[in-house]
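Novice: Below you will find the structure I want to go over with you.
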Amino acid sequence: MTLRFSFEEEISPLNLSCVKQFDVFLKDCFQRYFIETVPSYHTITVYLQKKMSVPLEEMRAWWFDWQSTENRLQDCTSKILKLPVCYDEEFALDIERIMEFSGLTYDEVVKLHSEKIYDVYLMGFLPGFPYLGVLDKSLHVPRLKVPRKYVAAGTVGIGG
């Protein structure tokens with residue numbers, strides 16, 4: 001059996017903080033009932049153990065208990081990972097398209113993209129494929145009309 005707890009359906013630092021805090025709360029207080037939790041940018045899916053039945057009222061109480069917790073919006077401990085990104089023309093396949101669409105220079109694109117610390121909002125459809133946010137709006141570009149059939153491992157994508 002699974003449970004899904006939902007927050008506001010938007011990518012935002014506040015939502016991410018709520019999801020992280022609720023995930024920590026569940027693990028601290030109720031881990032004996034579940035196998036794992038899978039957080040995303042606005043939901044947490046809880047995979048319950050088959051042998052343990054959890055009354056529906058108790059499940060609802062998890063949500064209300066957390067909402068009444070005074071410290072629920074404190075920052076969670078995070079680890080900062082530094083990823084090397086190469087913006088050289090042979091690797092930065094779309095940098096010209098980004099520059100043309102945004103009106104930014106090469107140096108401005110690199111600076112805007114590389115000076116920010118991004119949060120991981122969810123892990124994607126492939127192992128090790130994190131969705132990061134929030135991207136500076138001036139870097140938002142439309143998706144390619146025809147997606148690439150092959151994307152090399154280690155590629156960093158910019159989208160909007």
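In the structure tokens, chains take the letters A, B, ... in the order shown, each chain's residues start at 1, and ligands count up from 1 in the order shown.
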Which neighbours of Ser6 in chain A fall inside 8 Å, counting only C-alpha atoms, when residues of the same chain fewer than 4 positions from it are skipped, and could you give them as a list in words?
Specialist: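 After dropping sequence-adjacent residues, the list is His42, Thr43 and Ile44 of chain A.
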Novice: Could you pull the residues within 10 Å of Arg97 in chain A, counting only C-alpha atoms, minus those fewer than 3 positions along the same chain, as a ChimeraX atom specification?
Specialist: /A:93-94,100-103,141-142,144
Novice: Return the single residue from A:Ala61, A:Ala152, A:Cys18, A:Met99 that is closest to Tyr121 in chain A, with distances computed using only C-alpha atoms.
Specialist: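 Among the listed residues, the smallest separation from Tyr121 in chain A belongs to A:Cys18.
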Novice: Of the residues A:Lys82, A:Ile98, A:Val120, A:Thr2, which is the one nearest to Ser17 in chain A, using only C-alpha atoms?
Specialist: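 For Ser17 in chain A, the nearest of the given residues is A:Val120.
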Novice: What gap, in Å, lies between CA of Asp119 in chain A and CA of Cys86 in chain A?
Specialist: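 Taking CA of Asp119 in chain A as the start and CA of Cys86 in chain A as the end point, the length is 19.9 Å.
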Novice: Which residues are near Leu112 in chain A? Cut-off 10 Å, only C-alpha atoms, ignore same chain within fewer than 2 positions. Put them as a VMD selection string.
Specialist: chain A and resid 104 107 to 110 114 to 116 135 to 139
Novice: Under the rule that only C-alpha atoms are counted, which of A:Ala92, A:Leu48, A:Leu3, A:Leu122 is the nearest residue to Lys20 in chain A?
Specialist: A:Leu122
Novice: Would you return as a compact mmCIF listing (two decimals) with C-alpha atoms, in the first residue's frame the members of chain A that DSSP assigns to strand (DSSP E) on this structure's backbone?
Specialist:
# COMPACT_ATOMS: atom_id res chain seq x y z
CA THR A 2 1.17 3.52 -0.67
CA LEU A 3 0.27 6.94 0.61
CA ARG A 4 0.85 10.19 -1.20
CA PHE A 5 1.01 13.51 0.61
CA SER A 6 0.67 16.54 -1.65
CA PHE A 34 7.06 2.05 5.94
CA ILE A 35 9.73 0.74 3.60
CA GLU A 36 10.73 4.07 2.10
CA THR A 37 9.62 7.55 1.20
CA VAL A 38 10.02 9.08 -2.26
CA PRO A 39 9.93 12.88 -2.18
CA THR A 43 4.64 15.24 -3.10
CA ILE A 44 5.95 12.51 -0.84
CA THR A 45 4.99 8.95 -1.65
CA VAL A 46 5.22 6.57 1.31
CA TYR A 47 5.54 2.83 0.62
CA LEU A 48 4.02 1.07 3.62
CA ASP A 119 18.40 22.69 -5.25
CA VAL A 120 17.55 19.15 -6.34
CA TYR A 121 13.76 19.16 -6.59
CA LEU A 122 13.39 15.52 -7.60
CA MET A 123 15.23 12.61 -9.12
CA PRO A 130 18.28 15.19 -10.94
CA TYR A 131 15.88 18.02 -11.74
CA LEU A 132 17.39 21.23 -10.43
CA GLY A 133 15.80 24.61 -9.85
Novice: Write out as number ranges by chain all residues of range 1-127 of chain A that backbone DSSP assigns to alpha helix (DSSP H).
Specialist: A: 13-30, 56-67, 95-102, 106-114
Novice: Between CA of Leu14 in chain A and CA of His113 in chain A, what distance in Å does the model show, to one decimal?
Specialist: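 Value for the CA of Leu14 in chain A-CA of His113 in chain A distance: 21.5 Å.
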Novice: Give me the residues near range 62-66 of chain A as JSON, numbers by chain, where near means some atom within 12 Å (using only C-alpha atoms) and where sequence neighbours in that chain fewer than 3 positions away do not count.
Specialist: {"A": [3, 4, 5, 6, 7, 18, 19, 20, 21, 22, 23, 24, 25, 26, 27, 28, 29, 30, 31, 33, 44, 46, 54, 55, 56, 57, 58, 59, 69, 70, 71, 72, 73]}
Novice: Work out how far CA of Gly154 in chain A is from CA of Val85 in chain A, in Å to one decimal.
Specialist: 8.9 Å
Novice: Could you check which of A:Ile117, A:Met1, A:Val156, A:Leu81 is closest to Val134 in chain A, using only C-alpha atoms?
Specialist: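 Among A:Ile117, A:Met1, A:Val156, A:Leu81, it is A:Ile117 that comes nearest to Val134 in chain A.
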